[in-house]
file model-v1.cif (mmCIF, C-alpha atoms and all ligand atoms)
data_protein
loop_
_atom_site.label_atom_id
_atom_site.label_comp_id
_atom_site.auth_asym_id
_atom_site.auth_seq_id
_atom_site.Cartn_x
_atom_site.Cartn_y
_atom_site.Cartn_z
CA MET A 1 4.47 -13.24 19.18
CA ASP A 2 8.05 -12.88 17.94
CA LEU A 3 8.45 -9.10 18.08
CA SER A 4 11.74 -9.19 16.16
CA THR A 5 9.76 -9.97 13.01
CA THR A 6 7.23 -7.17 13.32
CA LYS A 7 9.31 -4.32 11.83
CA VAL A 8 11.32 -3.72 8.68
CA THR A 9 14.23 -1.25 8.69
CA PHE A 10 14.77 1.33 5.93
CA TYR A 11 18.20 2.32 4.59
CA ASN A 12 17.98 5.48 6.73
CA GLY A 13 17.55 3.51 9.96
CA ASN A 14 13.85 4.31 10.37
CA THR A 15 11.50 1.36 10.82
CA ILE A 16 8.05 0.40 9.54
CA PRO A 17 5.71 -2.20 11.09
CA VAL A 18 5.65 -5.16 8.72
CA ILE A 19 1.84 -5.36 8.63
CA GLY A 20 -0.35 -2.36 7.97
CA LEU A 21 -4.11 -2.09 7.59
CA GLY A 22 -5.15 -1.27 4.00
CA THR A 23 -8.02 1.21 3.63
CA TRP A 24 -8.91 1.33 -0.08
CA ARG A 25 -12.66 0.78 -0.48
CA SER A 26 -13.12 0.75 3.27
CA PRO A 27 -16.46 2.57 3.46
CA PRO A 28 -16.29 5.84 5.42
CA GLY A 29 -19.08 4.52 7.67
CA GLN A 30 -17.03 1.44 8.61
CA VAL A 31 -13.38 2.44 8.49
CA THR A 32 -13.32 4.31 11.83
CA GLN A 33 -14.36 1.13 13.64
CA ALA A 34 -11.96 -0.96 11.52
CA VAL A 35 -9.05 1.27 12.57
CA LYS A 36 -10.06 0.98 16.24
CA ASP A 37 -10.42 -2.82 15.98
CA ALA A 38 -7.03 -3.01 14.29
CA ILE A 39 -5.34 -1.00 17.04
CA ASP A 40 -6.93 -3.24 19.66
CA VAL A 41 -5.38 -6.37 18.13
CA GLY A 42 -1.96 -4.80 17.67
CA TYR A 43 -1.78 -3.05 14.27
CA ARG A 44 0.44 0.02 14.42
CA HIS A 45 0.59 0.83 10.69
CA PHE A 46 -2.16 2.27 8.47
CA ASP A 47 -2.04 2.59 4.70
CA CYS A 48 -4.08 5.55 3.48
CA ALA A 49 -4.45 7.75 0.41
CA HIS A 50 -6.23 10.96 -0.53
CA ALA A 51 -7.76 9.02 -3.45
CA TYR A 52 -9.52 6.62 -1.04
CA ARG A 53 -11.79 9.49 0.08
CA ASN A 54 -11.92 8.25 3.66
CA GLU A 55 -8.86 9.80 5.32
CA HIS A 56 -10.98 11.91 7.66
CA GLU A 57 -12.76 8.78 8.94
CA VAL A 58 -9.43 6.94 9.32
CA GLY A 59 -8.21 9.96 11.28
CA ASN A 60 -11.30 9.76 13.52
CA GLY A 61 -10.34 6.20 14.51
CA LEU A 62 -6.74 7.13 15.23
CA THR A 63 -7.75 10.23 17.18
CA ALA A 64 -10.25 8.30 19.28
CA LYS A 65 -7.60 5.76 20.30
CA ILE A 66 -5.10 8.52 21.11
CA GLU A 67 -7.72 10.36 23.20
CA GLU A 68 -8.59 7.10 25.03
CA GLY A 69 -4.89 6.81 25.91
CA VAL A 70 -4.54 3.44 24.15
CA ILE A 71 -1.80 4.75 21.84
CA GLU A 72 0.27 7.87 21.35
CA ARG A 73 0.74 9.35 17.89
CA GLU A 74 4.38 8.22 17.86
CA ASP A 75 3.28 4.59 18.33
CA VAL A 76 1.60 4.41 14.92
CA PHE A 77 3.06 4.54 11.43
CA ILE A 78 0.84 6.42 8.99
CA THR A 79 1.36 6.23 5.23
CA SER A 80 -0.48 8.38 2.72
CA LYS A 81 -0.11 9.04 -0.99
CA LEU A 82 0.00 12.04 -3.29
CA TRP A 83 -2.67 11.62 -5.95
CA ASN A 84 -2.03 11.95 -9.68
CA THR A 85 -3.79 15.32 -10.02
CA PHE A 86 -1.34 17.02 -7.64
CA HIS A 87 2.04 16.27 -9.25
CA LEU A 88 3.04 19.84 -10.07
CA PRO A 89 5.75 20.77 -7.54
CA GLU A 90 3.80 23.83 -6.36
CA GLN A 91 0.77 21.63 -5.47
CA VAL A 92 2.58 19.03 -3.38
CA GLU A 93 2.70 20.82 -0.03
CA HIS A 94 -0.98 21.80 -0.25
CA ALA A 95 -1.97 18.20 -1.06
CA CYS A 96 0.09 16.92 1.85
CA ARG A 97 -1.43 19.46 4.25
CA THR A 98 -4.95 18.42 3.15
CA THR A 99 -4.09 14.82 4.02
CA LEU A 100 -2.57 15.87 7.37
CA ARG A 101 -5.73 17.80 8.20
CA ASN A 102 -7.98 14.86 7.29
CA LEU A 103 -5.88 12.34 9.20
CA GLN A 104 -5.70 14.81 12.12
CA THR A 105 -1.94 14.60 12.51
CA ASP A 106 1.03 16.98 12.29
CA PHE A 107 3.21 14.62 10.30
CA LEU A 108 3.14 11.51 8.14
CA ASP A 109 5.56 8.64 8.67
CA LEU A 110 5.61 7.98 4.94
CA TYR A 111 4.31 9.86 1.89
CA LEU A 112 4.33 8.15 -1.50
CA ILE A 113 3.85 9.36 -5.06
CA HIS A 114 0.81 7.15 -5.72
CA TRP A 115 1.49 6.60 -9.45
CA PRO A 116 4.13 7.86 -11.89
CA MET A 117 1.42 9.27 -14.21
CA ALA A 118 0.13 12.81 -13.70
CA TYR A 119 -3.49 13.68 -14.49
CA LYS A 120 -4.88 17.12 -15.30
CA GLU A 121 -4.53 19.29 -12.22
CA GLY A 122 -7.63 20.16 -10.19
CA ASP A 123 -10.06 18.80 -7.63
CA ASP A 124 -11.56 16.13 -9.94
CA LEU A 125 -9.47 13.04 -9.10
CA ALA A 126 -10.31 11.42 -12.46
CA PRO A 127 -10.62 14.25 -15.02
CA LYS A 128 -12.01 12.81 -18.26
CA HIS A 129 -12.41 13.65 -21.92
CA PRO A 130 -15.97 13.32 -23.30
CA ASP A 131 -15.06 9.80 -24.51
CA GLY A 132 -14.33 8.75 -20.91
CA THR A 133 -10.55 8.60 -21.17
CA ILE A 134 -8.42 10.35 -18.55
CA ILE A 135 -7.01 13.82 -19.30
CA PHE A 136 -3.27 13.62 -18.72
CA SER A 137 -0.87 16.26 -17.43
CA ASP A 138 2.73 16.37 -18.60
CA ALA A 139 4.08 17.00 -15.07
CA ASP A 140 7.18 14.85 -14.66
CA TYR A 141 7.50 12.81 -11.46
CA VAL A 142 11.21 13.67 -11.08
CA ASN A 143 10.17 17.28 -10.45
CA THR A 144 7.43 16.04 -8.09
CA TRP A 145 10.16 14.14 -6.22
CA LYS A 146 12.08 17.34 -5.49
CA ALA A 147 8.91 18.76 -3.87
CA MET A 148 8.51 15.54 -1.85
CA GLU A 149 12.05 16.02 -0.52
CA LYS A 150 11.10 19.51 0.65
CA LEU A 151 8.30 17.98 2.77
CA VAL A 152 10.98 16.02 4.65
CA ASP A 153 13.09 19.17 5.06
CA ASP A 154 10.05 21.01 6.44
CA GLY A 155 9.16 18.21 8.91
CA LEU A 156 5.77 17.39 7.38
CA VAL A 157 6.80 13.81 6.57
CA LYS A 158 9.46 11.50 7.99
CA ASN A 159 10.05 9.33 4.91
CA ILE A 160 9.19 9.50 1.23
CA GLY A 161 8.71 6.83 -1.39
CA VAL A 162 6.96 5.81 -4.57
CA SER A 163 4.21 3.45 -5.62
CA ASN A 164 3.61 1.61 -8.89
CA PHE A 165 6.96 2.73 -10.30
CA ASN A 166 8.77 0.36 -12.69
CA CYS A 167 12.58 -0.15 -12.68
CA LYS A 168 13.33 2.67 -15.11
CA GLN A 169 11.10 5.06 -13.20
CA VAL A 170 12.73 4.18 -9.87
CA GLN A 171 16.14 4.72 -11.47
CA ARG A 172 15.11 8.14 -12.83
CA VAL A 173 14.13 9.15 -9.29
CA LEU A 174 17.41 7.80 -7.88
CA ASP A 175 19.30 9.80 -10.50
CA VAL A 176 17.96 13.10 -9.12
CA ALA A 177 17.35 12.15 -5.50
CA ARG A 178 18.97 13.96 -2.59
CA ILE A 179 16.73 11.78 -0.37
CA LYS A 180 16.29 8.28 -1.80
CA PRO A 181 12.87 6.59 -1.74
CA VAL A 182 12.53 4.17 1.19
CA VAL A 183 9.67 2.19 -0.33
CA ASN A 184 8.14 1.17 -3.63
CA GLN A 185 4.57 0.09 -2.89
CA ILE A 186 3.49 -2.35 -5.60
CA GLU A 187 0.95 -5.07 -6.24
CA ASN A 188 2.40 -8.34 -4.97
CA HIS A 189 0.83 -11.74 -4.27
CA ALA A 190 1.19 -15.36 -5.27
CA TYR A 191 -0.25 -14.67 -8.75
CA LEU A 192 1.94 -11.58 -9.38
CA HIS A 193 5.49 -11.53 -8.02
CA GLN A 194 7.10 -8.82 -10.21
CA ALA A 195 10.41 -10.62 -9.66
CA LYS A 196 12.58 -8.27 -11.73
CA LEU A 197 11.23 -5.17 -10.01
CA THR A 198 11.50 -6.59 -6.48
CA ALA A 199 15.10 -7.70 -7.13
CA PHE A 200 15.96 -4.27 -8.54
CA CYS A 201 14.49 -2.49 -5.50
CA ALA A 202 16.31 -4.85 -3.12
CA GLU A 203 19.60 -4.07 -4.87
CA LYS A 204 18.92 -0.34 -4.42
CA GLY A 205 17.97 -0.72 -0.73
CA ILE A 206 14.31 0.10 -1.36
CA VAL A 207 11.73 -1.84 0.68
CA ILE A 208 8.78 -3.41 -1.12
CA THR A 209 5.34 -2.88 0.35
CA ALA A 210 2.99 -5.51 -1.09
CA TYR A 211 -0.46 -4.20 -1.90
CA SER A 212 -3.48 -6.39 -2.74
CA PRO A 213 -1.66 -9.28 -0.99
CA LEU A 214 -4.87 -11.33 -0.90
CA GLY A 215 -5.44 -10.79 -4.61
CA SER A 216 -7.99 -8.04 -3.84
CA PRO A 217 -11.00 -10.37 -4.11
CA ALA A 218 -13.46 -7.46 -4.34
CA ASN A 219 -11.60 -6.00 -7.32
CA ARG A 220 -11.07 -8.38 -10.22
CA PRO A 221 -11.37 -6.41 -13.43
CA GLN A 222 -10.56 -9.30 -15.81
CA THR A 223 -13.50 -11.69 -15.96
CA ASN A 224 -11.35 -14.68 -16.92
CA ASP A 225 -8.99 -14.20 -13.97
CA ILE A 226 -8.84 -16.94 -11.35
CA PRO A 227 -9.53 -15.68 -7.81
CA LEU A 228 -6.39 -16.27 -5.75
CA PHE A 229 -8.43 -17.45 -2.75
CA GLU A 230 -9.80 -20.32 -4.84
CA ASP A 231 -6.35 -21.70 -5.66
CA GLU A 232 -6.18 -25.40 -4.74
CA ASN A 233 -2.47 -25.28 -3.82
CA LEU A 234 -3.12 -22.36 -1.50
CA LYS A 235 -5.98 -24.25 0.16
CA THR A 236 -3.74 -27.30 0.64
CA ILE A 237 -0.98 -25.23 2.27
CA ALA A 238 -3.53 -23.53 4.53
CA ALA A 239 -4.88 -26.92 5.67
CA LYS A 240 -1.34 -28.16 6.38
CA TYR A 241 -0.66 -25.28 8.80
CA CYS A 242 -4.23 -25.20 10.17
CA ARG A 243 -4.41 -21.57 9.02
CA ASP A 244 -6.72 -19.75 6.65
CA PRO A 245 -5.56 -18.81 3.13
CA GLY A 246 -5.34 -15.13 4.05
CA GLN A 247 -2.82 -15.87 6.79
CA ILE A 248 -0.71 -17.96 4.39
CA LEU A 249 -0.63 -15.13 1.81
CA ILE A 250 0.31 -12.52 4.44
CA ARG A 251 2.99 -14.75 5.98
CA TYR A 252 4.36 -15.40 2.47
CA GLN A 253 4.96 -11.67 1.97
CA ILE A 254 6.66 -11.31 5.35
CA GLN A 255 9.01 -14.21 4.63
CA GLN A 256 10.06 -12.45 1.41
CA GLY A 257 11.10 -9.43 3.46
CA HIS A 258 8.17 -7.34 2.24
CA VAL A 259 5.91 -5.05 4.21
CA VAL A 260 2.28 -6.12 3.67
CA ILE A 261 -0.98 -4.16 3.92
CA PRO A 262 -4.08 -6.40 3.82
CA LYS A 263 -7.37 -4.51 3.86
CA SER A 264 -10.40 -5.53 5.87
CA VAL A 265 -13.31 -3.89 7.62
CA THR A 266 -14.38 -7.22 9.17
CA LYS A 267 -13.37 -7.51 12.82
CA SER A 268 -12.57 -11.25 12.70
CA ARG A 269 -10.45 -10.89 9.54
CA ILE A 270 -8.63 -7.83 10.88
CA ALA A 271 -7.61 -10.05 13.80
CA SER A 272 -6.75 -13.20 11.83
CA ASN A 273 -4.73 -11.25 9.22
CA PHE A 274 -2.51 -10.00 12.06
CA ASP A 275 -2.14 -13.42 13.69
CA VAL A 276 0.76 -14.55 11.50
CA PHE A 277 3.76 -14.33 13.81
CA SER A 278 3.59 -17.77 15.42
CA PHE A 279 4.15 -20.00 12.40
CA GLU A 280 6.59 -20.21 9.51
CA LEU A 281 6.13 -21.53 5.97
CA ASP A 282 8.75 -24.12 5.11
CA ASP A 283 10.98 -23.79 2.02
CA ALA A 284 8.93 -26.24 -0.03
CA ASP A 285 5.74 -24.27 0.54
CA VAL A 286 7.46 -20.96 -0.23
CA LYS A 287 8.64 -22.51 -3.50
CA LEU A 288 5.17 -23.82 -4.24
CA LEU A 289 3.64 -20.37 -3.70
CA ALA A 290 6.33 -18.86 -5.94
CA SER A 291 5.43 -21.35 -8.66
CA LEU A 292 1.83 -20.06 -8.77
CA GLU A 293 2.98 -16.96 -10.69
CA ARG A 294 0.57 -16.10 -13.54
CA ASP A 295 1.23 -12.39 -14.14
CA GLN A 296 -2.32 -11.67 -12.99
CA ARG A 297 -2.63 -8.00 -12.07
CA VAL A 298 -5.75 -6.84 -10.21
CA CYS A 299 -4.91 -3.14 -10.05
CA PRO A 300 -3.75 -1.97 -13.50
CA GLU A 301 -5.18 1.61 -13.38
CA ALA A 302 -6.16 0.80 -16.97
CA ARG A 303 -7.90 4.14 -17.49
CA ALA A 304 -4.39 5.65 -17.82
CA LEU A 305 -3.27 3.28 -20.60
CA GLY A 306 -1.40 5.33 -23.19
CA HIS A 307 0.05 7.79 -20.66
CA PRO A 308 3.77 8.29 -21.41
CA HIS A 309 4.54 7.37 -17.78
CA TYR A 310 2.18 4.36 -17.59
CA PRO A 311 4.36 1.79 -15.76
CA PHE A 312 3.14 -1.62 -16.94
N1 LIG A 401 -0.57 1.91 -4.10
C1 LIG A 401 -1.60 1.46 -4.80
O1 LIG A 401 -1.79 1.81 -5.96
C2 LIG A 401 -2.55 0.52 -4.17
C3 LIG A 401 -2.54 0.35 -2.81
N2 LIG A 401 -3.43 -0.52 -2.21
C4 LIG A 401 -3.39 -0.62 -0.74
O2 LIG A 401 -3.28 -2.00 -0.38
C5 LIG A 401 -4.38 -2.38 0.43
C6 LIG A 401 -4.73 -3.84 0.24
O3 LIG A 401 -5.09 -4.12 -1.09
P1 LIG A 401 -6.61 -4.39 -1.56
O4 LIG A 401 -6.63 -4.13 -3.02
O5 LIG A 401 -7.52 -3.64 -0.69
O6 LIG A 401 -6.80 -5.95 -1.42
P2 LIG A 401 -6.50 -7.12 -0.39
O7 LIG A 401 -5.72 -8.11 -1.17
O8 LIG A 401 -5.99 -6.61 0.89
O9 LIG A 401 -7.97 -7.70 -0.21
C7 LIG A 401 -8.97 -7.00 0.49
C8 LIG A 401 -10.27 -7.75 0.32
O10 LIG A 401 -10.17 -9.06 0.90
C9 LIG A 401 -11.15 -9.23 1.90
N3 LIG A 401 -10.44 -9.93 3.00
C10 LIG A 401 -9.58 -9.41 3.89
N4 LIG A 401 -9.08 -10.35 4.70
C11 LIG A 401 -9.64 -11.52 4.32
C12 LIG A 401 -9.52 -12.85 4.78
N5 LIG A 401 -8.70 -13.15 5.79
N6 LIG A 401 -10.25 -13.82 4.16
C13 LIG A 401 -11.07 -13.49 3.13
N7 LIG A 401 -11.22 -12.25 2.63
C14 LIG A 401 -10.51 -11.26 3.24
C15 LIG A 401 -11.63 -7.86 2.27
O11 LIG A 401 -12.98 -7.90 2.64
P3 LIG A 401 -13.60 -7.16 3.96
O12 LIG A 401 -12.99 -5.80 4.04
O13 LIG A 401 -15.05 -7.13 3.63
O14 LIG A 401 -13.25 -8.04 5.12
C16 LIG A 401 -11.47 -7.11 0.96
O15 LIG A 401 -12.56 -7.32 0.10
C17 LIG A 401 -5.46 -1.38 0.01
O16 LIG A 401 -6.55 -1.36 0.88
C18 LIG A 401 -4.66 -0.12 -0.08
O17 LIG A 401 -4.41 0.39 1.22
C19 LIG A 401 -4.27 -1.29 -2.98
C20 LIG A 401 -4.32 -1.13 -4.34
C21 LIG A 401 -3.49 -0.19 -5.03
O1 LIG A 402 -4.52 2.63 -4.53
C1 LIG A 402 -5.32 2.53 -5.43
C2 LIG A 402 -6.72 2.22 -5.29
O2 LIG A 402 -7.52 3.29 -5.70
C3 LIG A 402 -7.03 4.05 -6.78
C4 LIG A 402 -8.09 4.80 -7.52
O3 LIG A 402 -9.36 4.39 -7.35
C5 LIG A 402 -6.14 3.22 -7.63
O4 LIG A 402 -5.73 3.84 -8.79
C6 LIG A 402 -4.96 2.94 -6.79
O5 LIG A 402 -4.04 2.10 -7.33
#
call {"tool": "encode", "arguments": {"input": "model-v1.cif", "output": "structure tokens"}}
result
Amino acid sequence: MDLSTTKVTFYNGNTIPVIGLGTWRSPPGQVTQAVKDAIDVGYRHFDCAHAYRNEHEVGNGLTAKIEEGVIEREDVFITSKLWNTFHLPEQVEHACRTTLRNLQTDFLDLYLIHWPMAYKEGDDLAPKHPDGTIIFSDADYVNTWKAMEKLVDDGLVKNIGVSNFNCKQVQRVLDVARIKPVVNQIENHAYLHQAKLTAFCAEKGIVITAYSPLGSPANRPQTNDIPLFEDENLKTIAAKYCRDPGQILIRYQIQQGHVVIPKSVTKSRIASNFDVFSFELDDADVKLLASLERDQRVCPEARALGHPHYPF
């Protein structure tokens, strides 16, 4: 394995392992084992969120491996995210401490504002009107950002960033930031490149973390969407390198300079998704993957359509 390709450096000099294990929809009964399997094959980065309702079970896996002496806390990079119902500045520290308790750690390596939209404050993560639409809050994420900065000052988190922010929203944060975001975590795969946003973030020194890099096959809300894994060009490229399509999609993100966080609770896939450091896609295949763009978003958080801070 070429270790020089396994980390990406932030503008502040801190580093992040280029592959992390995603944990959305990882069932609480399976994610502890998935985390342990991932550590055994070399993952040192875990992507978590309060909204995934499994942080305690992720923490159990990390704690077990620390207690076994396989890793130390400092060896792993843990990301979590502030959910939309906790955007008021006075709620941010409490939300972060809840996540720290669940993950059984004293600090996070990275804490992200999960979405720019705020929802009505409270313990219900998806507060709804009787007609099923989300109840919004008018909390503004620029004020949330100032509370995120305080978490760095207080040593609860090492780095802060955003997720699902568009160019204007990133710029609004930069306009007030004393500590700039290190990351914008966004959906990114061969069917959705978000070229303008990734170029904008690169220009500002903000690293892209690509979520749903495999096209999130378990989560396709639009019935007429084409599953990325069934793409004939992708299958052809995979055959050429004697790799599976998942490895091609993960390698593609790495070659674009992105951090990438494929999710799996399947031991064999956890291993194969990490086995991407001994081959390189050639320029023609990178171009071919880029040409597959179809603006196909699998994670639109459509229940927040109409929110003044809805990003898409
Ligand atoms: N910031 C945000 O708003 C968001 C962040 N995320 C983060 O990004 C992570 C990844 O995105 P996600 O949407 O989960 O989707 P992915 O694109 O990572 O796809 C995960 C799905 O693909 C399956 N899978 C994994 N590896 C392979 C493989 N090699 N071959 C075939 N199938 C495979 C998994 O099944 P199985 O587990 O059964 O193996 C699972 O169903 C999330 O888990 C989360 O951590 C995701 C969405 C939004
Ligand atoms: O990370 C994500 C997955 O789960 C969340 C809520 O269910 C999504 O909104 C979000 O984008």
call {"tool": "residues_around", "arguments": {"input": "model-v1.cif", "residues": "Lys146 of chain A", "least_positions_apart": "2", "cutoff": "10 Å", "atoms": "all atoms listed in the file", "output": "PyMOL selection string"}}
result
chain A and resi 89+92+141-144+148-151+173+176-179
call {"tool": "residues_near_ligand", "arguments": {"input": "model-v1.cif", "ligand": "ligand LIG 402 (chain A)", "cutoff": "7 Å", "atoms": "only C-alpha atoms and all ligand atoms", "output": "PyMOL selection string"}}
result
chain A and resi 24+51-52+299+301
call {"tool": "closest_residue", "arguments": {"input": "model-v1.cif", "among": "A:Glu232, A:Glu55, A:Asp175, A:Asp295", "to": "ligand LIG 401 (chain A)", "atoms": "all atoms listed in the file"}}
result
A:Glu55
call {"tool": "atom_distance", "arguments": {"input": "model-v1.cif", "atom1": "atom CA of His258 of chain A", "atom2": "atom CA of Ile113 of chain A"}}
result
18.7 Å
call {"tool": "atom_distance", "arguments": {"input": "model-v1.cif", "atom1": "atom C12 of ligand LIG 401 (chain A)", "atom2": "atom CA of Leu289 of chain A"}}
result
17.4 Å
call {"tool": "residues_near_ligand", "arguments": {"input": "model-v1.cif", "ligand": "ligand LIG 401 (chain A)", "cutoff": "7 Å", "atoms": "all atoms listed in the file", "output": "JSON, numbers by chain"}}
result
{"A": [21, 22, 23, 24, 25, 26, 47, 48, 114, 115, 163, 164, 185, 186, 187, 211, 212, 213, 214, 215, 216, 217, 218, 219, 244, 245, 246, 247, 261, 262, 263, 264, 265, 266, 269, 270, 272, 273, 299]}
call {"tool": "residues_around", "arguments": {"input": "model-v1.cif", "residues": "Thr15 of chain A", "least_positions_apart": "4", "cutoff": "10 Å", "atoms": "all atoms listed in the file", "output": "list of chain:residue names"}}
result
A:Thr6, A:Lys7, A:Val8, A:Thr9, A:Phe10, A:Tyr11, A:Phe77, A:Asp109
call {"tool": "closest_residue", "arguments": {"input": "model-v1.cif", "among": "A:Glu74, A:Asp124, A:Glu280, A:Asp225", "to": "Cys242 of chain A", "atoms": "all atoms listed in the file"}}
result
A:Glu280
call {"tool": "atom_distance", "arguments": {"input": "model-v1.cif", "atom1": "atom CA of Arg172 of chain A", "atom2": "atom CA of Gly13 of chain A"}}
result
23.4 Å
call {"tool": "closest_residue", "arguments": {"input": "model-v1.cif", "among": "A:Cys167, A:Ile16, A:Ala271, A:Leu288", "to": "Asp37 of chain A", "atoms": "all atoms listed in the file"}}
result
A:Ala271
call {"tool": "residues_around", "arguments": {"input": "model-v1.cif", "residues": "Ile78 of chain A", "least_positions_apart": "2", "cutoff": "12 Å", "atoms": "all atoms listed in the file", "output": "PyMOL selection string"}}
result
chain A and resi 15-17+19-23+35+43-49+55+58-59+62+73-76+80-81+99-100+103-112+157-160+261
call {"tool": "write_last_selection", "arguments": {"input": "model-v1.cif", "atoms": "C-alpha atoms", "output": "short mmCIF file (atom, residue, chain, number, x, y, z; two decimals), in the coordinates of the input"}}
result
data_model
loop_
_atom_site.label_atom_id
_atom_site.label_comp_id
_atom_site.auth_asym_id
_atom_site.auth_seq_id
_atom_site.Cartn_x
_atom_site.Cartn_y
_atom_site.Cartn_z
CA THR A 15 11.50 1.36 10.82
CA ILE A 16 8.05 0.40 9.54
CA PRO A 17 5.71 -2.20 11.09
CA ILE A 19 1.84 -5.36 8.63
CA GLY A 20 -0.35 -2.36 7.97
CA LEU A 21 -4.11 -2.09 7.59
CA GLY A 22 -5.15 -1.27 4.00
CA THR A 23 -8.02 1.21 3.63
CA VAL A 35 -9.05 1.27 12.57
CA TYR A 43 -1.78 -3.05 14.27
CA ARG A 44 0.44 0.02 14.42
CA HIS A 45 0.59 0.83 10.69
CA PHE A 46 -2.16 2.27 8.47
CA ASP A 47 -2.04 2.59 4.70
CA CYS A 48 -4.08 5.55 3.48
CA ALA A 49 -4.45 7.75 0.41
CA GLU A 55 -8.86 9.80 5.32
CA VAL A 58 -9.43 6.94 9.32
CA GLY A 59 -8.21 9.96 11.28
CA LEU A 62 -6.74 7.13 15.23
CA ARG A 73 0.74 9.35 17.89
CA GLU A 74 4.38 8.22 17.86
CA ASP A 75 3.28 4.59 18.33
CA VAL A 76 1.60 4.41 14.92
CA SER A 80 -0.48 8.38 2.72
CA LYS A 81 -0.11 9.04 -0.99
CA THR A 99 -4.09 14.82 4.02
CA LEU A 100 -2.57 15.87 7.37
CA LEU A 103 -5.88 12.34 9.20
CA GLN A 104 -5.70 14.81 12.12
CA THR A 105 -1.94 14.60 12.51
CA ASP A 106 1.03 16.98 12.29
CA PHE A 107 3.21 14.62 10.30
CA LEU A 108 3.14 11.51 8.14
CA ASP A 109 5.56 8.64 8.67
CA LEU A 110 5.61 7.98 4.94
CA TYR A 111 4.31 9.86 1.89
CA LEU A 112 4.33 8.15 -1.50
CA VAL A 157 6.80 13.81 6.57
CA LYS A 158 9.46 11.50 7.99
CA ASN A 159 10.05 9.33 4.91
CA ILE A 160 9.19 9.50 1.23
CA ILE A 261 -0.98 -4.16 3.92
#
call {"tool": "closest_residue", "arguments": {"input": "model-v1.cif", "among": "A:Asn233, A:Thr85, A:Thr98, A:Thr32", "to": "Lys120 of chain A", "atoms": "only C-alpha atoms"}}
result
A:Thr85
call {"tool": "closest_residue", "arguments": {"input": "model-v1.cif", "among": "A:Asn60, A:Gln296, A:Ser137, A:Asn12", "to": "Ile226 of chain A", "atoms": "only C-alpha atoms"}}
result
A:Gln296
call {"tool": "decode", "arguments": {"input": "model-v1.cif", "residues": "segment 272-283 of chain A", "atoms": "N, CA and C atoms", "output": "PDB file, in the first residue's frame"}}
result
ATOM      1  N   SER A 272     -12.919  -4.816   0.725  1.00  0.00           N
ATOM      2  CA  SER A 272     -12.624  -4.494  -0.688  1.00  0.00           C
ATOM      3  C   SER A 272     -12.686  -2.980  -0.915  1.00  0.00           C
ATOM      4  N   ASN A 273     -13.571  -2.277  -0.217  1.00  0.00           N
ATOM      5  CA  ASN A 273     -13.670  -0.821  -0.403  1.00  0.00           C
ATOM      6  C   ASN A 273     -12.397  -0.094   0.062  1.00  0.00           C
ATOM      7  N   PHE A 274     -11.619  -0.765   0.924  1.00  0.00           N
ATOM      8  CA  PHE A 274     -10.382  -0.151   1.417  1.00  0.00           C
ATOM      9  C   PHE A 274      -9.175  -0.562   0.573  1.00  0.00           C
ATOM     10  N   ASP A 275      -9.376  -1.564  -0.274  1.00  0.00           N
ATOM     11  CA  ASP A 275      -8.263  -2.118  -1.060  1.00  0.00           C
ATOM     12  C   ASP A 275      -8.161  -1.376  -2.397  1.00  0.00           C
ATOM     13  N   VAL A 276      -7.832  -0.097  -2.319  1.00  0.00           N
ATOM     14  CA  VAL A 276      -7.840   0.749  -3.525  1.00  0.00           C
ATOM     15  C   VAL A 276      -6.537   1.539  -3.679  1.00  0.00           C
ATOM     16  N   PHE A 277      -5.507   1.091  -2.970  1.00  0.00           N
ATOM     17  CA  PHE A 277      -4.258   1.862  -2.999  1.00  0.00           C
ATOM     18  C   PHE A 277      -3.176   1.242  -3.887  1.00  0.00           C
ATOM     19  N   SER A 278      -3.532   0.156  -4.583  1.00  0.00           N
ATOM     20  CA  SER A 278      -2.487  -0.503  -5.384  1.00  0.00           C
ATOM     21  C   SER A 278      -2.806  -0.460  -6.880  1.00  0.00           C
ATOM     22  N   PHE A 279      -3.727   0.415  -7.275  1.00  0.00           N
ATOM     23  CA  PHE A 279      -3.958   0.607  -8.706  1.00  0.00           C
ATOM     24  C   PHE A 279      -4.351   2.069  -8.941  1.00  0.00           C
ATOM     25  N   GLU A 280      -4.229   2.482 -10.193  1.00  0.00           N
ATOM     26  CA  GLU A 280      -4.530   3.872 -10.539  1.00  0.00           C
ATOM     27  C   GLU A 280      -5.349   3.906 -11.825  1.00  0.00           C
ATOM     28  N   LEU A 281      -6.409   4.695 -11.833  1.00  0.00           N
ATOM     29  CA  LEU A 281      -7.209   4.861 -13.056  1.00  0.00           C
ATOM     30  C   LEU A 281      -6.437   5.749 -14.023  1.00  0.00           C
ATOM     31  N   ASP A 282      -6.417   5.367 -15.292  1.00  0.00           N
ATOM     32  CA  ASP A 282      -5.688   6.230 -16.236  1.00  0.00           C
ATOM     33  C   ASP A 282      -6.570   7.425 -16.647  1.00  0.00           C
ATOM     34  N   ASP A 283      -5.946   8.401 -17.301  1.00  0.00           N
ATOM     35  CA  ASP A 283      -6.650   9.655 -17.622  1.00  0.00           C
ATOM     36  C   ASP A 283      -7.912   9.410 -18.433  1.00  0.00           C
TER      37      ASP A 283
END
